[in-house]
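Text of data-v3.cif (mmCIF, N, CA and C atoms) as supplied:
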data_query
loop_
_atom_site.label_atom_id
_atom_site.label_comp_id
_atom_site.auth_asym_id
_atom_site.auth_seq_id
_atom_site.Cartn_x
_atom_site.Cartn_y
_atom_site.Cartn_z
N MET A 1 26.23 -77.93 -55.86
CA MET A 1 24.96 -78.61 -55.83
C MET A 1 24.18 -78.26 -57.08
N HIS A 2 23.65 -79.24 -57.71
CA HIS A 2 22.91 -79.07 -58.96
C HIS A 2 21.40 -79.04 -58.67
N LEU A 3 20.73 -78.00 -59.17
CA LEU A 3 19.29 -77.89 -58.97
C LEU A 3 18.56 -78.81 -59.94
N THR A 4 17.72 -79.62 -59.41
CA THR A 4 16.93 -80.51 -60.25
C THR A 4 15.51 -79.93 -60.37
N PRO A 5 14.76 -80.35 -61.36
CA PRO A 5 13.37 -79.87 -61.48
C PRO A 5 12.56 -80.18 -60.23
N ARG A 6 12.83 -81.30 -59.59
CA ARG A 6 12.11 -81.66 -58.37
C ARG A 6 12.40 -80.66 -57.25
N MET A 7 13.66 -80.25 -57.10
CA MET A 7 14.03 -79.28 -56.08
C MET A 7 13.38 -77.92 -56.35
N ILE A 8 13.33 -77.53 -57.60
CA ILE A 8 12.71 -76.26 -57.98
C ILE A 8 11.21 -76.31 -57.67
N LEU A 9 10.57 -77.43 -58.01
CA LEU A 9 9.15 -77.60 -57.74
C LEU A 9 8.87 -77.58 -56.24
N LEU A 10 9.72 -78.23 -55.47
CA LEU A 10 9.57 -78.24 -54.02
C LEU A 10 9.73 -76.83 -53.45
N GLY A 11 10.70 -76.10 -53.94
CA GLY A 11 10.90 -74.71 -53.49
C GLY A 11 9.70 -73.84 -53.82
N ALA A 12 9.15 -74.02 -55.01
CA ALA A 12 7.97 -73.25 -55.40
C ALA A 12 6.77 -73.63 -54.53
N ALA A 13 6.63 -74.91 -54.21
CA ALA A 13 5.52 -75.35 -53.36
C ALA A 13 5.65 -74.78 -51.96
N VAL A 14 6.85 -74.75 -51.42
CA VAL A 14 7.07 -74.18 -50.08
C VAL A 14 6.76 -72.68 -50.09
N ALA A 15 7.20 -71.98 -51.13
CA ALA A 15 6.93 -70.55 -51.24
C ALA A 15 5.43 -70.29 -51.34
N LEU A 16 4.74 -71.08 -52.13
CA LEU A 16 3.29 -70.92 -52.27
C LEU A 16 2.57 -71.23 -50.96
N ALA A 17 2.99 -72.28 -50.28
CA ALA A 17 2.38 -72.64 -49.00
C ALA A 17 2.62 -71.54 -47.97
N GLY A 18 3.82 -70.98 -47.94
CA GLY A 18 4.12 -69.88 -47.03
C GLY A 18 3.26 -68.66 -47.33
N PHE A 19 3.08 -68.38 -48.60
CA PHE A 19 2.24 -67.24 -49.00
C PHE A 19 0.80 -67.44 -48.55
N VAL A 20 0.24 -68.60 -48.85
CA VAL A 20 -1.15 -68.88 -48.49
C VAL A 20 -1.33 -68.88 -46.97
N LEU A 21 -0.42 -69.52 -46.25
CA LEU A 21 -0.52 -69.57 -44.80
C LEU A 21 -0.41 -68.18 -44.18
N SER A 22 0.56 -67.39 -44.62
CA SER A 22 0.72 -66.06 -44.04
C SER A 22 -0.49 -65.18 -44.35
N LEU A 23 -1.03 -65.31 -45.54
CA LEU A 23 -2.21 -64.52 -45.91
C LEU A 23 -3.42 -64.94 -45.08
N ALA A 24 -3.62 -66.24 -44.89
CA ALA A 24 -4.76 -66.73 -44.11
C ALA A 24 -4.66 -66.29 -42.66
N VAL A 25 -3.50 -66.44 -42.05
CA VAL A 25 -3.33 -66.04 -40.64
C VAL A 25 -3.50 -64.53 -40.50
N THR A 26 -2.94 -63.78 -41.42
CA THR A 26 -3.03 -62.32 -41.37
C THR A 26 -4.48 -61.87 -41.46
N VAL A 27 -5.21 -62.38 -42.42
CA VAL A 27 -6.61 -61.99 -42.58
C VAL A 27 -7.42 -62.40 -41.35
N PHE A 28 -7.21 -63.61 -40.85
CA PHE A 28 -7.93 -64.09 -39.67
C PHE A 28 -7.73 -63.15 -38.49
N VAL A 29 -6.50 -62.80 -38.21
CA VAL A 29 -6.20 -61.93 -37.05
C VAL A 29 -6.74 -60.52 -37.27
N LEU A 30 -6.54 -59.98 -38.47
CA LEU A 30 -7.01 -58.61 -38.74
C LEU A 30 -8.51 -58.48 -38.60
N LEU A 31 -9.24 -59.52 -38.94
CA LEU A 31 -10.69 -59.45 -38.86
C LEU A 31 -11.21 -59.65 -37.43
N ARG A 32 -10.45 -60.32 -36.59
CA ARG A 32 -10.89 -60.58 -35.22
C ARG A 32 -10.59 -59.42 -34.27
N LEU A 33 -9.69 -58.55 -34.64
CA LEU A 33 -9.35 -57.42 -33.76
C LEU A 33 -10.44 -56.36 -33.82
N PRO A 34 -10.80 -55.77 -32.67
CA PRO A 34 -11.80 -54.70 -32.69
C PRO A 34 -11.22 -53.43 -33.32
N GLU A 35 -12.10 -52.59 -33.83
CA GLU A 35 -11.64 -51.37 -34.51
C GLU A 35 -10.88 -50.43 -33.58
N ASP A 36 -11.13 -50.50 -32.27
CA ASP A 36 -10.44 -49.62 -31.33
C ASP A 36 -9.20 -50.28 -30.71
N TYR A 37 -8.72 -51.34 -31.30
CA TYR A 37 -7.56 -52.07 -30.78
C TYR A 37 -6.36 -51.15 -30.57
N PHE A 38 -6.15 -50.19 -31.48
CA PHE A 38 -5.01 -49.28 -31.39
C PHE A 38 -5.40 -47.90 -30.87
N ALA A 39 -6.66 -47.70 -30.47
CA ALA A 39 -7.14 -46.37 -30.09
C ALA A 39 -6.74 -45.97 -28.67
N ARG A 40 -6.41 -46.92 -27.83
CA ARG A 40 -6.05 -46.59 -26.45
C ARG A 40 -4.60 -46.12 -26.38
N ASP A 41 -4.36 -45.19 -25.46
CA ASP A 41 -2.98 -44.73 -25.26
C ASP A 41 -2.11 -45.82 -24.67
N ARG A 42 -2.70 -46.63 -23.79
CA ARG A 42 -1.96 -47.71 -23.14
C ARG A 42 -2.79 -48.97 -23.17
N ARG A 43 -2.13 -50.08 -23.23
CA ARG A 43 -2.81 -51.36 -23.21
C ARG A 43 -2.92 -51.84 -21.77
N GLU A 44 -4.09 -52.35 -21.40
CA GLU A 44 -4.27 -52.88 -20.05
C GLU A 44 -3.56 -54.22 -19.95
N LEU A 45 -2.81 -54.39 -18.89
CA LEU A 45 -2.10 -55.64 -18.66
C LEU A 45 -3.01 -56.61 -17.92
N PRO A 46 -2.82 -57.92 -18.16
CA PRO A 46 -3.64 -58.88 -17.42
C PRO A 46 -3.34 -58.79 -15.93
N ARG A 47 -4.34 -59.09 -15.14
CA ARG A 47 -4.17 -59.03 -13.69
C ARG A 47 -3.21 -60.12 -13.24
N PRO A 48 -2.32 -59.75 -12.32
CA PRO A 48 -1.41 -60.77 -11.83
C PRO A 48 -2.15 -61.83 -11.02
N GLY A 49 -1.69 -63.01 -11.15
CA GLY A 49 -2.30 -64.11 -10.43
C GLY A 49 -1.37 -65.30 -10.48
N ARG A 50 -1.82 -66.35 -9.91
CA ARG A 50 -1.01 -67.55 -9.91
C ARG A 50 -0.96 -68.13 -11.32
N ALA A 51 0.23 -68.35 -11.81
CA ALA A 51 0.41 -68.87 -13.16
C ALA A 51 0.30 -70.39 -13.14
N SER A 52 -0.64 -70.92 -13.90
CA SER A 52 -0.77 -72.36 -14.01
C SER A 52 0.17 -72.86 -15.10
N VAL A 53 0.39 -74.16 -15.12
CA VAL A 53 1.26 -74.75 -16.15
C VAL A 53 0.68 -74.48 -17.53
N GLY A 54 -0.64 -74.61 -17.66
CA GLY A 54 -1.29 -74.36 -18.95
C GLY A 54 -1.12 -72.93 -19.41
N ARG A 55 -1.24 -72.00 -18.47
CA ARG A 55 -1.07 -70.58 -18.82
C ARG A 55 0.36 -70.29 -19.25
N VAL A 56 1.32 -70.82 -18.52
CA VAL A 56 2.73 -70.61 -18.88
C VAL A 56 3.04 -71.22 -20.24
N LEU A 57 2.56 -72.44 -20.49
CA LEU A 57 2.77 -73.08 -21.79
C LEU A 57 2.08 -72.30 -22.90
N GLY A 58 0.91 -71.74 -22.60
CA GLY A 58 0.21 -70.92 -23.59
C GLY A 58 1.00 -69.68 -23.97
N VAL A 59 1.57 -69.02 -22.98
CA VAL A 59 2.37 -67.82 -23.22
C VAL A 59 3.62 -68.18 -24.02
N ILE A 60 4.27 -69.27 -23.65
CA ILE A 60 5.46 -69.71 -24.40
C ILE A 60 5.10 -70.04 -25.84
N GLY A 61 4.00 -70.78 -26.03
CA GLY A 61 3.56 -71.13 -27.38
C GLY A 61 3.21 -69.92 -28.21
N LYS A 62 2.52 -68.96 -27.59
CA LYS A 62 2.14 -67.73 -28.29
C LYS A 62 3.38 -66.95 -28.72
N ASN A 63 4.37 -66.86 -27.84
CA ASN A 63 5.60 -66.15 -28.17
C ASN A 63 6.39 -66.88 -29.26
N LEU A 64 6.46 -68.20 -29.18
CA LEU A 64 7.15 -68.96 -30.24
C LEU A 64 6.47 -68.74 -31.59
N ALA A 65 5.14 -68.80 -31.60
CA ALA A 65 4.41 -68.57 -32.85
C ALA A 65 4.68 -67.16 -33.37
N GLY A 66 4.73 -66.19 -32.47
CA GLY A 66 5.01 -64.81 -32.87
C GLY A 66 6.38 -64.66 -33.49
N TRP A 67 7.39 -65.24 -32.85
CA TRP A 67 8.75 -65.12 -33.40
C TRP A 67 8.88 -65.87 -34.72
N LEU A 68 8.17 -66.98 -34.88
CA LEU A 68 8.18 -67.69 -36.17
C LEU A 68 7.52 -66.84 -37.26
N LEU A 69 6.42 -66.17 -36.92
CA LEU A 69 5.78 -65.28 -37.90
C LEU A 69 6.68 -64.11 -38.26
N ILE A 70 7.39 -63.56 -37.28
CA ILE A 70 8.33 -62.47 -37.58
C ILE A 70 9.41 -62.96 -38.54
N ALA A 71 9.97 -64.15 -38.27
CA ALA A 71 11.00 -64.70 -39.16
C ALA A 71 10.43 -64.94 -40.55
N LEU A 72 9.22 -65.51 -40.63
CA LEU A 72 8.59 -65.75 -41.93
C LEU A 72 8.34 -64.43 -42.64
N GLY A 73 7.90 -63.42 -41.91
CA GLY A 73 7.66 -62.10 -42.50
C GLY A 73 8.92 -61.47 -43.07
N ILE A 74 10.04 -61.68 -42.39
CA ILE A 74 11.31 -61.15 -42.90
C ILE A 74 11.66 -61.84 -44.21
N VAL A 75 11.48 -63.16 -44.25
CA VAL A 75 11.75 -63.89 -45.50
C VAL A 75 10.80 -63.43 -46.60
N LEU A 76 9.53 -63.24 -46.27
CA LEU A 76 8.55 -62.81 -47.27
C LEU A 76 8.79 -61.37 -47.73
N SER A 77 9.55 -60.60 -46.98
CA SER A 77 9.87 -59.22 -47.36
C SER A 77 10.99 -59.15 -48.38
N VAL A 78 11.70 -60.24 -48.59
CA VAL A 78 12.79 -60.27 -49.57
C VAL A 78 12.20 -60.15 -50.97
N PRO A 79 12.72 -59.26 -51.80
CA PRO A 79 12.20 -59.14 -53.16
C PRO A 79 12.25 -60.49 -53.89
N GLY A 80 11.16 -60.79 -54.58
CA GLY A 80 11.09 -62.03 -55.34
C GLY A 80 10.42 -63.17 -54.59
N VAL A 81 10.23 -63.00 -53.28
CA VAL A 81 9.55 -64.03 -52.49
C VAL A 81 8.10 -63.57 -52.31
N PRO A 82 7.12 -64.37 -52.78
CA PRO A 82 5.74 -63.94 -52.68
C PRO A 82 5.23 -64.00 -51.24
N GLY A 83 4.44 -63.01 -50.87
CA GLY A 83 3.86 -63.03 -49.53
C GLY A 83 3.69 -61.64 -48.97
N GLN A 84 2.98 -61.56 -47.88
CA GLN A 84 2.69 -60.31 -47.20
C GLN A 84 3.69 -60.13 -46.06
N GLY A 85 4.90 -59.72 -46.39
CA GLY A 85 5.97 -59.63 -45.40
C GLY A 85 5.69 -58.74 -44.22
N LEU A 86 5.35 -57.47 -44.47
CA LEU A 86 5.14 -56.54 -43.37
C LEU A 86 3.93 -56.91 -42.53
N LEU A 87 2.87 -57.37 -43.17
CA LEU A 87 1.69 -57.76 -42.40
C LEU A 87 1.98 -59.00 -41.55
N THR A 88 2.78 -59.92 -42.08
CA THR A 88 3.14 -61.12 -41.32
C THR A 88 4.02 -60.74 -40.13
N ILE A 89 4.94 -59.81 -40.33
CA ILE A 89 5.75 -59.31 -39.21
C ILE A 89 4.85 -58.67 -38.16
N LEU A 90 3.87 -57.87 -38.60
CA LEU A 90 2.95 -57.23 -37.66
C LEU A 90 2.19 -58.27 -36.84
N MET A 91 1.73 -59.33 -37.49
CA MET A 91 1.01 -60.37 -36.76
C MET A 91 1.93 -61.06 -35.75
N GLY A 92 3.18 -61.28 -36.12
CA GLY A 92 4.14 -61.88 -35.20
C GLY A 92 4.40 -60.98 -34.00
N VAL A 93 4.56 -59.69 -34.26
CA VAL A 93 4.80 -58.73 -33.18
C VAL A 93 3.62 -58.72 -32.22
N MET A 94 2.40 -58.83 -32.76
CA MET A 94 1.21 -58.82 -31.91
C MET A 94 1.16 -60.04 -30.98
N LEU A 95 1.74 -61.13 -31.39
CA LEU A 95 1.73 -62.33 -30.56
C LEU A 95 2.83 -62.34 -29.50
N CYS A 96 3.92 -61.64 -29.75
CA CYS A 96 5.07 -61.66 -28.84
C CYS A 96 4.86 -60.69 -27.67
N ASP A 97 5.56 -60.97 -26.59
CA ASP A 97 5.56 -60.09 -25.42
C ASP A 97 6.95 -59.51 -25.24
N PHE A 98 7.06 -58.19 -25.34
CA PHE A 98 8.32 -57.50 -25.08
C PHE A 98 8.03 -56.03 -24.82
N PRO A 99 8.94 -55.34 -24.10
CA PRO A 99 8.72 -53.92 -23.80
C PRO A 99 8.66 -53.08 -25.07
N GLY A 100 7.73 -52.16 -25.14
CA GLY A 100 7.59 -51.28 -26.30
C GLY A 100 6.78 -51.87 -27.43
N LYS A 101 6.20 -53.02 -27.21
CA LYS A 101 5.46 -53.73 -28.26
C LYS A 101 4.28 -52.90 -28.79
N TYR A 102 3.51 -52.32 -27.91
CA TYR A 102 2.32 -51.58 -28.32
C TYR A 102 2.68 -50.41 -29.24
N ARG A 103 3.73 -49.67 -28.86
CA ARG A 103 4.19 -48.55 -29.70
C ARG A 103 4.66 -49.06 -31.05
N LEU A 104 5.38 -50.18 -31.09
CA LEU A 104 5.88 -50.74 -32.34
C LEU A 104 4.73 -51.20 -33.23
N GLU A 105 3.71 -51.82 -32.65
CA GLU A 105 2.55 -52.25 -33.44
C GLU A 105 1.90 -51.06 -34.14
N ARG A 106 1.68 -50.00 -33.38
CA ARG A 106 1.04 -48.82 -33.98
C ARG A 106 1.94 -48.19 -35.03
N TRP A 107 3.24 -48.14 -34.80
CA TRP A 107 4.17 -47.57 -35.77
C TRP A 107 4.13 -48.36 -37.08
N ILE A 108 4.16 -49.68 -37.00
CA ILE A 108 4.12 -50.52 -38.21
C ILE A 108 2.81 -50.32 -38.95
N LEU A 109 1.70 -50.33 -38.21
CA LEU A 109 0.39 -50.23 -38.86
C LEU A 109 0.17 -48.88 -39.51
N ARG A 110 0.79 -47.85 -39.03
CA ARG A 110 0.61 -46.52 -39.61
C ARG A 110 1.42 -46.29 -40.89
N ARG A 111 2.32 -47.21 -41.24
CA ARG A 111 3.07 -47.06 -42.49
C ARG A 111 2.06 -47.13 -43.63
N GLY A 112 2.19 -46.25 -44.61
CA GLY A 112 1.23 -46.11 -45.71
C GLY A 112 0.78 -47.40 -46.36
N PRO A 113 1.70 -48.19 -46.92
CA PRO A 113 1.27 -49.42 -47.60
C PRO A 113 0.62 -50.43 -46.66
N VAL A 114 1.11 -50.53 -45.44
CA VAL A 114 0.53 -51.48 -44.48
C VAL A 114 -0.87 -51.02 -44.10
N ARG A 115 -1.01 -49.75 -43.80
CA ARG A 115 -2.32 -49.20 -43.41
C ARG A 115 -3.34 -49.38 -44.52
N ARG A 116 -2.96 -49.07 -45.75
CA ARG A 116 -3.89 -49.23 -46.87
C ARG A 116 -4.28 -50.69 -47.05
N GLY A 117 -3.32 -51.60 -46.91
CA GLY A 117 -3.61 -53.02 -47.05
C GLY A 117 -4.54 -53.53 -45.97
N VAL A 118 -4.28 -53.13 -44.73
CA VAL A 118 -5.11 -53.55 -43.60
C VAL A 118 -6.52 -52.99 -43.75
N ASP A 119 -6.63 -51.71 -44.09
CA ASP A 119 -7.96 -51.11 -44.26
C ASP A 119 -8.73 -51.79 -45.39
N ALA A 120 -8.05 -52.14 -46.47
CA ALA A 120 -8.71 -52.80 -47.61
C ALA A 120 -9.23 -54.18 -47.21
N VAL A 121 -8.43 -54.92 -46.46
CA VAL A 121 -8.86 -56.26 -46.03
C VAL A 121 -10.07 -56.13 -45.11
N ARG A 122 -10.01 -55.23 -44.16
CA ARG A 122 -11.13 -55.07 -43.22
C ARG A 122 -12.38 -54.60 -43.94
N LYS A 123 -12.24 -53.70 -44.90
CA LYS A 123 -13.40 -53.21 -45.66
C LYS A 123 -14.03 -54.33 -46.48
N ARG A 124 -13.20 -55.16 -47.10
CA ARG A 124 -13.69 -56.25 -47.94
C ARG A 124 -14.60 -57.21 -47.15
N TYR A 125 -14.30 -57.39 -45.89
CA TYR A 125 -15.08 -58.31 -45.04
C TYR A 125 -16.05 -57.57 -44.12
N GLY A 126 -16.35 -56.32 -44.44
CA GLY A 126 -17.36 -55.57 -43.71
C GLY A 126 -16.94 -55.07 -42.34
N ARG A 127 -15.65 -54.92 -42.10
CA ARG A 127 -15.16 -54.41 -40.82
C ARG A 127 -14.68 -52.97 -41.01
N PRO A 128 -14.89 -52.13 -40.00
CA PRO A 128 -14.40 -50.75 -40.10
C PRO A 128 -12.88 -50.71 -39.95
N PRO A 129 -12.25 -49.65 -40.47
CA PRO A 129 -10.79 -49.53 -40.31
C PRO A 129 -10.43 -49.30 -38.84
N PHE A 130 -9.17 -49.59 -38.50
CA PHE A 130 -8.70 -49.35 -37.14
C PHE A 130 -8.69 -47.85 -36.86
N ARG A 131 -8.93 -47.50 -35.59
CA ARG A 131 -8.84 -46.11 -35.15
C ARG A 131 -7.60 -45.95 -34.28
N PHE A 132 -7.07 -44.73 -34.27
CA PHE A 132 -5.92 -44.41 -33.45
C PHE A 132 -6.30 -43.24 -32.53
N PRO A 133 -5.54 -43.05 -31.44
CA PRO A 133 -5.91 -42.01 -30.45
C PRO A 133 -6.09 -40.63 -31.07
N ASP A 134 -5.25 -40.23 -32.00
CA ASP A 134 -5.33 -38.88 -32.57
C ASP A 134 -6.33 -38.78 -33.72
N GLU A 135 -7.04 -39.88 -34.02
CA GLU A 135 -8.00 -39.86 -35.13
C GLU A 135 -9.45 -39.83 -34.62
N GLY A 136 -9.64 -39.90 -33.31
CA GLY A 136 -10.98 -39.85 -32.74
C GLY A 136 -11.75 -41.12 -32.72
#
Take the structure I supplied and represent it as structure tokens, if you would.
Amino acid sequence: MHLTPRMILLGAAVALAGFVLSLAVTVFVLLRLPEDYFARDRRELPRPGRASVGRVLGVIGKNLAGWLLIALGIVLSVPGVPGQGLLTILMGVMLCDFPGKYRLERWILRRGPVRRGVDAVRKRYGRPPFRFPDEG
């Protein structure tokens, strides 16, 4: 297959769109979370109740969006591909439901480069950094 200038331009446009979209979603979510989001030892689960069709579809949609963000984050983590790979993966993990999710979220966020990036974004928009149980 021969690469044409049009194909190269299209690839660059898709990469740029992915970068902008992942950055926008990441910043939006990081700013909406309260500073004590990671400070609790355990996350409270929603109360059981009768599941409506809308609620079930919402959960399915949220999980699909999460897994798509995780996949996009993996692609953005490849050297040479512009984007916030680890932060996009973190946002995807936050949307998905699976056992051990809370521990994984805190583990990812505590990684040095991710933590510095998240704290910088929150500081830029006047939000305090996240707190963790052992930080008070």
Decode the PyMOL selection byres (((chain A and resi 97-110 and name CA) around 12) and name CA) for the given file into explicit residues and return them as a ChimeraX atom specification. /A:30,36-45,59-67,85-96,111-119,129-135
Which of these, A:Leu31, A:Arg55, A:Gly18, A:Arg127, has the shortest distance to Leu72 in chain A once you count all atoms listed in the file?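 With all atoms listed in the file as the atom set, the closest residue is A:Gly18.
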Expressed in Å to a single decimal, how great is the separation between CA of Ala24 in chain A and CA of Val56 in chain A? 26.6 Å
Would you please work out which residue, of A:Ala13, A:Leu33, A:Val27, A:Ser22, is nearest to Ile74 in chain A when using only C-alpha atoms?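 Counting only C-alpha atoms, the residue closest to Ile74 in chain A is A:Ser22.
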Between CA of Lys123 in chain A and CA of Val14 in chain A, what is the distance, to one decimal in Å? 29.6 Å
Hey, what does DSSP flag as alpha helix (DSSP H) within chain A? Can you give it to me as an MDAnalysis selection string? chainID A and resid 5:32 53:76 85:95 101:109 112:124
